[in-house]
$ cat query.pdb   # PDB, C-alpha atoms and all ligand atoms
ATOM      1  CA  MET V 394     172.055  86.080 209.709  1.00  0.00           C
ATOM      2  CA  ALA V 395     170.346  84.198 212.479  1.00  0.00           C
ATOM      3  CA  LYS V 396     166.616  84.689 212.955  1.00  0.00           C
ATOM      4  CA  PHE V 397     164.046  84.708 215.698  1.00  0.00           C
ATOM      5  CA  LYS V 398     161.376  82.248 214.602  1.00  0.00           C
ATOM      6  CA  PHE V 399     157.947  82.024 216.162  1.00  0.00           C
ATOM      7  CA  LYS V 400     155.867  78.890 215.669  1.00  0.00           C
ATOM      8  CA  TYR V 401     152.373  79.102 217.043  1.00  0.00           C
ATOM      9  CA  GLY V 402     149.408  76.799 217.221  1.00  0.00           C
ATOM     10  CA  THR V 403     146.382  75.837 219.267  1.00  0.00           C
ATOM     11  CA  MET V 404     146.384  73.396 222.197  1.00  0.00           C
ATOM     12  CA  GLY V 405     147.600  69.995 221.139  1.00  0.00           C
ATOM     13  CA  ALA V 406     148.837  71.123 217.720  1.00  0.00           C
ATOM     14  CA  GLY V 407     152.174  69.441 218.326  1.00  0.00           C
ATOM     15  CA  LYS V 408     154.304  72.440 219.297  1.00  0.00           C
ATOM     16  CA  SER V 409     156.284  70.719 222.038  1.00  0.00           C
ATOM     17  CA  GLN V 410     156.617  67.659 219.837  1.00  0.00           C
ATOM     18  CA  GLU V 411     158.203  69.763 217.115  1.00  0.00           C
ATOM     19  CA  LEU V 412     160.499  71.420 219.646  1.00  0.00           C
ATOM     20  CA  LEU V 413     161.665  68.031 220.874  1.00  0.00           C
ATOM     21  CA  ARG V 414     162.253  66.806 217.328  1.00  0.00           C
ATOM     22  CA  THR V 415     164.310  69.909 216.535  1.00  0.00           C
ATOM     23  CA  LEU V 416     166.277  69.440 219.747  1.00  0.00           C
ATOM     24  CA  TYR V 417     166.926  65.819 218.877  1.00  0.00           C
ATOM     25  CA  ASN V 418     168.228  66.789 215.430  1.00  0.00           C
ATOM     26  CA  TYR V 419     170.690  69.275 216.888  1.00  0.00           C
ATOM     27  CA  ARG V 420     171.854  66.922 219.609  1.00  0.00           C
ATOM     28  CA  THR V 421     172.509  64.027 217.255  1.00  0.00           C
ATOM     29  CA  ARG V 422     174.967  66.347 215.508  1.00  0.00           C
ATOM     30  CA  GLY V 423     176.639  66.988 218.848  1.00  0.00           C
ATOM     31  CA  ASP V 424     175.427  70.563 219.041  1.00  0.00           C
ATOM     32  CA  ASN V 425     174.610  72.263 222.328  1.00  0.00           C
ATOM     33  CA  VAL V 426     171.129  73.770 222.512  1.00  0.00           C
ATOM     34  CA  ILE V 427     169.658  75.929 225.278  1.00  0.00           C
ATOM     35  CA  VAL V 428     166.077  74.880 226.077  1.00  0.00           C
ATOM     36  CA  LEU V 429     163.895  77.285 228.046  1.00  0.00           C
ATOM     37  CA  CYS V 430     160.436  76.903 229.488  1.00  0.00           C
ATOM     38  CA  SER V 431     158.270  78.907 231.855  1.00  0.00           C
ATOM     39  CA  LYS V 432     158.127  78.239 235.569  1.00  0.00           C
ATOM     40  CA  LEU V 433     154.382  78.872 235.290  1.00  0.00           C
ATOM     41  CA  ASP V 434     153.836  75.641 233.438  1.00  0.00           C
ATOM     42  CA  ASP V 435     154.434  72.891 235.967  1.00  0.00           C
ATOM     43  CA  ARG V 436     151.936  70.416 234.579  1.00  0.00           C
ATOM     44  CA  TYR V 437     154.662  67.844 234.051  1.00  0.00           C
ATOM     45  CA  GLY V 438     157.192  69.047 236.601  1.00  0.00           C
ATOM     46  CA  VAL V 439     159.167  72.265 236.553  1.00  0.00           C
ATOM     47  CA  GLY V 440     161.980  72.497 234.035  1.00  0.00           C
ATOM     48  CA  ARG V 441     160.725  70.048 231.496  1.00  0.00           C
ATOM     49  CA  VAL V 442     159.371  70.103 227.981  1.00  0.00           C
ATOM     50  CA  THR V 443     156.808  67.343 227.555  1.00  0.00           C
ATOM     51  CA  SER V 444     154.789  66.535 224.482  1.00  0.00           C
ATOM     52  CA  ARG V 445     151.419  64.854 224.654  1.00  0.00           C
ATOM     53  CA  THR V 446     152.983  61.755 223.190  1.00  0.00           C
ATOM     54  CA  GLY V 447     154.956  61.466 226.428  1.00  0.00           C
ATOM     55  CA  ASP V 448     158.443  62.449 225.248  1.00  0.00           C
ATOM     56  CA  HIS V 449     160.253  64.853 227.494  1.00  0.00           C
ATOM     57  CA  GLN V 450     163.533  66.703 227.940  1.00  0.00           C
ATOM     58  CA  GLU V 451     165.026  68.836 230.665  1.00  0.00           C
ATOM     59  CA  ALA V 452     164.676  72.588 230.227  1.00  0.00           C
ATOM     60  CA  ILE V 453     165.649  75.682 232.176  1.00  0.00           C
ATOM     61  CA  ALA V 454     162.568  77.113 233.879  1.00  0.00           C
ATOM     62  CA  ILE V 455     162.426  80.906 233.671  1.00  0.00           C
ATOM     63  CA  SER V 456     160.562  83.103 236.127  1.00  0.00           C
ATOM     64  CA  SER V 457     162.440  86.422 236.187  1.00  0.00           C
ATOM     65  CA  MET V 458     164.700  88.811 234.304  1.00  0.00           C
ATOM     66  CA  LYS V 459     167.523  87.559 236.524  1.00  0.00           C
ATOM     67  CA  ASP V 460     167.051  84.063 235.085  1.00  0.00           C
ATOM     68  CA  ILE V 461     167.207  85.546 231.582  1.00  0.00           C
ATOM     69  CA  GLU V 462     170.424  87.404 232.357  1.00  0.00           C
ATOM     70  CA  ASN V 463     171.974  84.187 233.619  1.00  0.00           C
ATOM     71  CA  ILE V 464     171.043  82.451 230.373  1.00  0.00           C
ATOM     72  CA  CYS V 465     172.679  85.116 228.233  1.00  0.00           C
ATOM     73  CA  SER V 466     176.112  83.557 228.103  1.00  0.00           C
ATOM     74  CA  LEU V 467     178.194  81.747 225.499  1.00  0.00           C
ATOM     75  CA  LYS V 468     180.061  79.507 227.892  1.00  0.00           C
ATOM     76  CA  ASP V 469     178.551  76.259 226.613  1.00  0.00           C
ATOM     77  CA  ASN V 470     178.801  77.294 222.981  1.00  0.00           C
ATOM     78  CA  PRO V 471     175.100  77.093 222.142  1.00  0.00           C
ATOM     79  CA  VAL V 472     174.106  76.884 218.475  1.00  0.00           C
ATOM     80  CA  CYS V 473     170.411  77.549 219.073  1.00  0.00           C
ATOM     81  CA  VAL V 474     167.900  78.562 221.754  1.00  0.00           C
ATOM     82  CA  LEU V 475     164.545  76.779 221.902  1.00  0.00           C
ATOM     83  CA  ILE V 476     161.643  78.167 223.955  1.00  0.00           C
ATOM     84  CA  ASP V 477     158.583  76.144 224.961  1.00  0.00           C
ATOM     85  CA  GLU V 478     155.266  77.776 225.977  1.00  0.00           C
ATOM     86  CA  VAL V 479     156.609  81.181 225.012  1.00  0.00           C
ATOM     87  CA  GLN V 480     153.180  82.782 225.566  1.00  0.00           C
ATOM     88  CA  PHE V 481     154.048  82.877 229.272  1.00  0.00           C
ATOM     89  CA  PHE V 482     157.269  84.862 228.731  1.00  0.00           C
ATOM     90  CA  LYS V 483     157.481  88.589 229.456  1.00  0.00           C
ATOM     91  CA  LYS V 484     158.121  90.973 226.598  1.00  0.00           C
ATOM     92  CA  GLU V 485     161.330  92.255 228.184  1.00  0.00           C
ATOM     93  CA  TRP V 486     162.680  88.715 228.585  1.00  0.00           C
ATOM     94  CA  LEU V 487     162.191  88.026 224.884  1.00  0.00           C
ATOM     95  CA  GLU V 488     163.689  91.354 223.861  1.00  0.00           C
ATOM     96  CA  LYS V 489     166.771  90.617 225.937  1.00  0.00           C
ATOM     97  CA  LEU V 490     167.100  87.076 224.580  1.00  0.00           C
ATOM     98  CA  LYS V 491     166.781  88.261 220.992  1.00  0.00           C
ATOM     99  CA  GLU V 492     169.247  91.078 221.451  1.00  0.00           C
ATOM    100  CA  PHE V 493     171.889  88.884 223.044  1.00  0.00           C
ATOM    101  CA  PHE V 494     171.593  85.709 220.994  1.00  0.00           C
ATOM    102  CA  VAL V 495     170.244  86.711 217.595  1.00  0.00           C
ATOM    103  CA  ILE V 496     171.498  90.265 217.136  1.00  0.00           C
ATOM    104  CA  GLU V 497     174.804  90.239 218.974  1.00  0.00           C
ATOM    105  CA  ASN V 498     175.884  86.618 218.577  1.00  0.00           C
ATOM    106  CA  ASN V 499     174.105  85.342 215.465  1.00  0.00           C
ATOM    107  CA  ILE V 500     172.485  82.427 217.315  1.00  0.00           C
ATOM    108  CA  PRO V 501     168.913  81.582 216.234  1.00  0.00           C
ATOM    109  CA  ILE V 502     165.967  81.386 218.607  1.00  0.00           C
ATOM    110  CA  ILE V 503     162.936  79.229 217.880  1.00  0.00           C
ATOM    111  CA  ALA V 504     159.972  79.973 220.146  1.00  0.00           C
ATOM    112  CA  TYR V 505     156.855  77.798 220.336  1.00  0.00           C
ATOM    113  CA  GLY V 506     153.586  78.888 221.873  1.00  0.00           C
ATOM    114  CA  LEU V 507     149.884  79.539 221.814  1.00  0.00           C
ATOM    115  CA  LYS V 508     148.477  82.467 219.892  1.00  0.00           C
ATOM    116  CA  THR V 509     145.458  83.241 222.055  1.00  0.00           C
ATOM    117  CA  ASP V 510     143.975  82.413 225.454  1.00  0.00           C
ATOM    118  CA  PHE V 511     140.525  80.887 226.104  1.00  0.00           C
ATOM    119  CA  GLN V 512     138.882  84.325 225.734  1.00  0.00           C
ATOM    120  CA  ASN V 513     140.611  84.767 222.384  1.00  0.00           C
ATOM    121  CA  ASN V 514     143.051  87.437 223.554  1.00  0.00           C
ATOM    122  CA  LEU V 515     146.738  87.426 222.684  1.00  0.00           C
ATOM    123  CA  PHE V 516     149.164  86.441 225.435  1.00  0.00           C
ATOM    124  CA  GLU V 517     151.939  88.893 226.369  1.00  0.00           C
ATOM    125  CA  GLY V 518     154.660  86.541 225.154  1.00  0.00           C
ATOM    126  CA  THR V 519     152.821  85.944 221.903  1.00  0.00           C
ATOM    127  CA  MET V 520     152.447  89.651 221.257  1.00  0.00           C
ATOM    128  CA  ALA V 521     156.166  90.103 221.821  1.00  0.00           C
ATOM    129  CA  CYS V 522     156.982  87.245 219.453  1.00  0.00           C
ATOM    130  CA  LEU V 523     154.795  88.724 216.721  1.00  0.00           C
ATOM    131  CA  THR V 524     156.750  91.961 216.908  1.00  0.00           C
ATOM    132  CA  LEU V 525     160.208  90.401 217.296  1.00  0.00           C
ATOM    133  CA  ALA V 526     160.139  87.449 214.905  1.00  0.00           C
ATOM    134  CA  GLU V 527     161.774  87.463 211.477  1.00  0.00           C
ATOM    135  CA  GLU V 528     159.781  84.370 210.640  1.00  0.00           C
ATOM    136  CA  ILE V 529     156.315  83.282 211.814  1.00  0.00           C
ATOM    137  CA  LYS V 530     154.809  79.905 211.094  1.00  0.00           C
ATOM    138  CA  GLU V 531     151.567  78.265 212.116  1.00  0.00           C
ATOM    139  CA  ILE V 532     151.507  74.668 213.286  1.00  0.00           C
ATOM    140  CA  GLU V 533     148.059  73.674 212.112  1.00  0.00           C
ATOM    141  CA  ASN V 534     145.488  71.684 214.013  1.00  0.00           C
ATOM    142  CA  ILE V 535     141.984  70.304 213.475  1.00  0.00           C
ATOM    143  CA  CYS V 536     138.870  71.193 215.519  1.00  0.00           C
ATOM    144  CA  LYS V 537     138.047  68.745 218.303  1.00  0.00           C
ATOM    145  CA  PHE V 538     134.431  68.499 217.032  1.00  0.00           C
ATOM    146  CA  CYS V 539     134.645  68.735 213.237  1.00  0.00           C
ATOM    147  CA  ASN V 540     137.088  68.663 210.343  1.00  0.00           C
ATOM    148  CA  LYS V 541     137.613  72.395 210.126  1.00  0.00           C
ATOM    149  CA  LYS V 542     140.850  74.065 211.042  1.00  0.00           C
ATOM    150  CA  ALA V 543     141.158  74.848 214.746  1.00  0.00           C
ATOM    151  CA  ILE V 544     142.090  78.465 215.410  1.00  0.00           C
ATOM    152  CA  MET V 545     140.876  78.974 218.988  1.00  0.00           C
ATOM    153  CA  ASN V 546     141.362  77.412 222.411  1.00  0.00           C
ATOM    154  CA  MET V 547     138.299  76.637 224.458  1.00  0.00           C
ATOM    155  CA  ARG V 548     138.510  76.158 228.220  1.00  0.00           C
ATOM    156  CA  ILE V 549     136.111  73.488 229.430  1.00  0.00           C
ATOM    157  CA  ASP V 550     135.155  72.380 232.914  1.00  0.00           C
ATOM    158  CA  GLU V 551     134.973  68.814 234.190  1.00  0.00           C
ATOM    159  CA  SER V 552     131.605  68.240 232.540  1.00  0.00           C
ATOM    160  CA  GLY V 553     132.875  69.476 229.180  1.00  0.00           C
ATOM    161  CA  LYS V 554     131.067  72.820 229.334  1.00  0.00           C
ATOM    162  CA  LYS V 555     132.717  75.937 227.965  1.00  0.00           C
ATOM    163  CA  VAL V 556     134.234  78.229 230.603  1.00  0.00           C
ATOM    164  CA  LYS V 557     133.782  81.915 229.768  1.00  0.00           C
ATOM    165  CA  GLU V 558     135.294  83.737 232.745  1.00  0.00           C
ATOM    166  CA  GLY V 559     138.457  83.303 234.743  1.00  0.00           C
ATOM    167  CA  LYS V 560     142.159  84.025 234.920  1.00  0.00           C
ATOM    168  CA  GLN V 561     144.110  83.948 231.679  1.00  0.00           C
ATOM    169  CA  VAL V 562     146.456  81.362 233.079  1.00  0.00           C
ATOM    170  CA  ASP V 563     144.926  78.614 235.133  1.00  0.00           C
ATOM    171  CA  ILE V 564     147.341  75.754 234.856  1.00  0.00           C
ATOM    172  CA  GLY V 565     146.752  73.097 237.443  1.00  0.00           C
ATOM    173  CA  GLY V 566     143.059  73.889 237.753  1.00  0.00           C
ATOM    174  CA  ASN V 567     140.506  71.268 236.861  1.00  0.00           C
ATOM    175  CA  ASP V 568     139.728  73.027 233.615  1.00  0.00           C
ATOM    176  CA  LYS V 569     141.036  71.703 230.380  1.00  0.00           C
ATOM    177  CA  TYR V 570     141.664  73.243 227.011  1.00  0.00           C
ATOM    178  CA  ILE V 571     140.674  72.032 223.602  1.00  0.00           C
ATOM    179  CA  ALA V 572     141.387  73.332 220.133  1.00  0.00           C
ATOM    180  CA  VAL V 573     138.300  74.283 218.149  1.00  0.00           C
ATOM    181  CA  CYS V 574     137.160  76.039 214.975  1.00  0.00           C
ATOM    182  CA  HIS V 575     135.401  79.396 215.265  1.00  0.00           C
ATOM    183  CA  TYR V 576     131.948  77.784 214.915  1.00  0.00           C
ATOM    184  CA  HIS V 577     132.497  75.370 217.780  1.00  0.00           C
ATOM    185  CA  TYR V 578     134.175  78.079 219.848  1.00  0.00           C
ATOM    186  CA  LEU V 579     130.891  79.986 219.670  1.00  0.00           C
ATOM    187  CA  LYS V 580     128.457  77.071 219.845  1.00  0.00           C
ATOM    188  CA  GLY V 581     130.286  74.449 221.873  1.00  0.00           C
ATOM    189  CA  LYS V 582     129.692  70.795 221.170  1.00  0.00           C
ATOM    190  CA  LYS V 583     126.272  70.018 219.667  1.00  0.00           C
TER     191      LYS V 583
HETATM  192 ZN    ZN S 601     134.551  72.695 214.617  1.00  0.00          ZN
END

$ encode --input "query.pdb" --output "structure tokens"
Amino acid sequence: MAKFKFKYGTMGAGKSQELLRTLYNYRTRGDNVIVLCSKLDDRYGVGRVTSRTGDHQEAIAISSMKDIENICSLKDNPVCVLIDEVQFFKKEWLEKLKEFFVIENNIPIIAYGLKTDFQNNLFEGTMACLTLAEEIKEIENICKFCNKKAIMNMRIDESGKKVKEGKQVDIGGNDKYIAVCHYHYLKGKK
């Protein structure tokens, strides 16, 4: 039976890199893979999965249930569905995708995303993945300031100071995100 797999990690853990490597492996076998991303994330241009190492691939940018319904088709014979930045997906989108691909057509979905936002709250898409996934795996990362495991994402402003308030999603702002351990999440850089 196909599974819905959720692979989560902090900023810069290598999630998109792993997605691209998985995509490459399928494509070298001649398999067709559906790649989805969120229209929210236009850092590198809409409809693209880009890793921090600079690799990129085209993806279908999703912004509504209508987009999801259009994706739910077998016309190109997909063998797998890959989702980048799944934290930005709506619960109902993920439920629909799982029902159509995994349950009804035995096609696996692998979703990659962040666990928590900069205020350490779960994203909607992440919550949905935690409830829908048959398999959950962490892509581990190291704190920006020490050798401990990074488990949180800190938003910093241009001067490197921790940002405490703001919208959950602020892509395109001047703020940046770094992966940190719990100690450095609380204390910032010393
Ligand atoms: Zn640390």

$ closest_residue --input "query.pdb" --among "V:Lys484, V:His449, V:Arg548, V:Lys530" --to "Lys569 of chain V" --atoms "only C-alpha atoms"
V:Arg548

$ residues_near_ligand --input "query.pdb" --ligand "ligand ZN 601 (chain S)" --cutoff "12 Å" --atoms "all atoms listed in the file" --output "PyMOL selection string"
chain V and resi 534-547+571-583

$ residues_around --input "query.pdb" --residues "segment 494-509 of chain V" --least-positions-apart "5" --cutoff "8 Å" --atoms "all atoms listed in the file" --output "VMD selection string"
chain V and resid 394 to 404 408 to 409 412 465 471 to 480 514 to 516 519 522 545 to 546

$ atom_distance --input "query.pdb" --atom1 "atom CA of Val428 of chain V" --atom2 "atom CA of Ile453 of chain V"
6.2 Å

$ resolve_selection --input "query.pdb" --expression "the PyMOL selection byres (((chain V and resi 562) around 9) and not hetatm)" --output "list in words"
Leu433, Phe481, Asp510, Gly559, Lys560, Gln561, Asp563 and Ile564 of chain V

$ atom_distance --input "query.pdb" --atom1 "atom CA of Ile427 of chain V" --atom2 "atom CA of Thr524 of chain V"
22.2 Å

$ atom_distance --input "query.pdb" --atom1 "atom CA of Gly447 of chain V" --atom2 "atom CA of Gln512 of chain V"
28.0 Å

$ resolve_selection --input "query.pdb" --expression "the PyMOL selection byres (((chain V and resi 469) around 10) and not hetatm)" --output "ChimeraX atom specification"
/V:424-427,466-468,470-472

$ closest_residue --input "query.pdb" --among "V:Phe511, V:Trp486, V:Tyr570, V:Phe493" --to "Ser431 of chain V" --atoms "all atoms listed in the file"
V:Trp486

$ resolve_selection --input "query.pdb" --expression "the PyMOL selection byres (((chain V and resi 445) around 12) and not hetatm)" --output "PDB file with C-alpha atoms, in the coordinates of the input"
ATOM      1  CA  MET V 404     146.384  73.396 222.197  1.00  0.00           C
ATOM      2  CA  GLY V 405     147.600  69.995 221.139  1.00  0.00           C
ATOM      3  CA  ALA V 406     148.837  71.123 217.720  1.00  0.00           C
ATOM      4  CA  GLY V 407     152.174  69.441 218.326  1.00  0.00           C
ATOM      5  CA  LYS V 408     154.304  72.440 219.297  1.00  0.00           C
ATOM      6  CA  SER V 409     156.284  70.719 222.038  1.00  0.00           C
ATOM      7  CA  GLN V 410     156.617  67.659 219.837  1.00  0.00           C
ATOM      8  CA  GLU V 411     158.203  69.763 217.115  1.00  0.00           C
ATOM      9  CA  LEU V 413     161.665  68.031 220.874  1.00  0.00           C
ATOM     10  CA  ARG V 436     151.936  70.416 234.579  1.00  0.00           C
ATOM     11  CA  TYR V 437     154.662  67.844 234.051  1.00  0.00           C
ATOM     12  CA  VAL V 442     159.371  70.103 227.981  1.00  0.00           C
ATOM     13  CA  THR V 443     156.808  67.343 227.555  1.00  0.00           C
ATOM     14  CA  SER V 444     154.789  66.535 224.482  1.00  0.00           C
ATOM     15  CA  THR V 446     152.983  61.755 223.190  1.00  0.00           C
ATOM     16  CA  GLY V 447     154.956  61.466 226.428  1.00  0.00           C
ATOM     17  CA  ASP V 448     158.443  62.449 225.248  1.00  0.00           C
ATOM     18  CA  HIS V 449     160.253  64.853 227.494  1.00  0.00           C
TER      19      HIS V 449
END

$ residues_around --input "query.pdb" --residues "segment 454-458 of chain V" --least-positions-apart "6" --cutoff "7 Å" --atoms "only C-alpha atoms" --output "list of chain:residue names"
V:Leu429, V:Cys430, V:Ser431, V:Lys432, V:Val439, V:Gly440, V:Trp486

$ write_last_selection --input "query.pdb" --atoms "C-alpha atoms" --output "tab-separated table (two decimals), in the frame of the given file"
chain	number	residue	atom	x	y	z
V	429	LEU	CA	163.90	77.28	228.05
V	430	CYS	CA	160.44	76.90	229.49
V	431	SER	CA	158.27	78.91	231.86
V	432	LYS	CA	158.13	78.24	235.57
V	439	VAL	CA	159.17	72.26	236.55
V	440	GLY	CA	161.98	72.50	234.04
V	486	TRP	CA	162.68	88.72	228.58
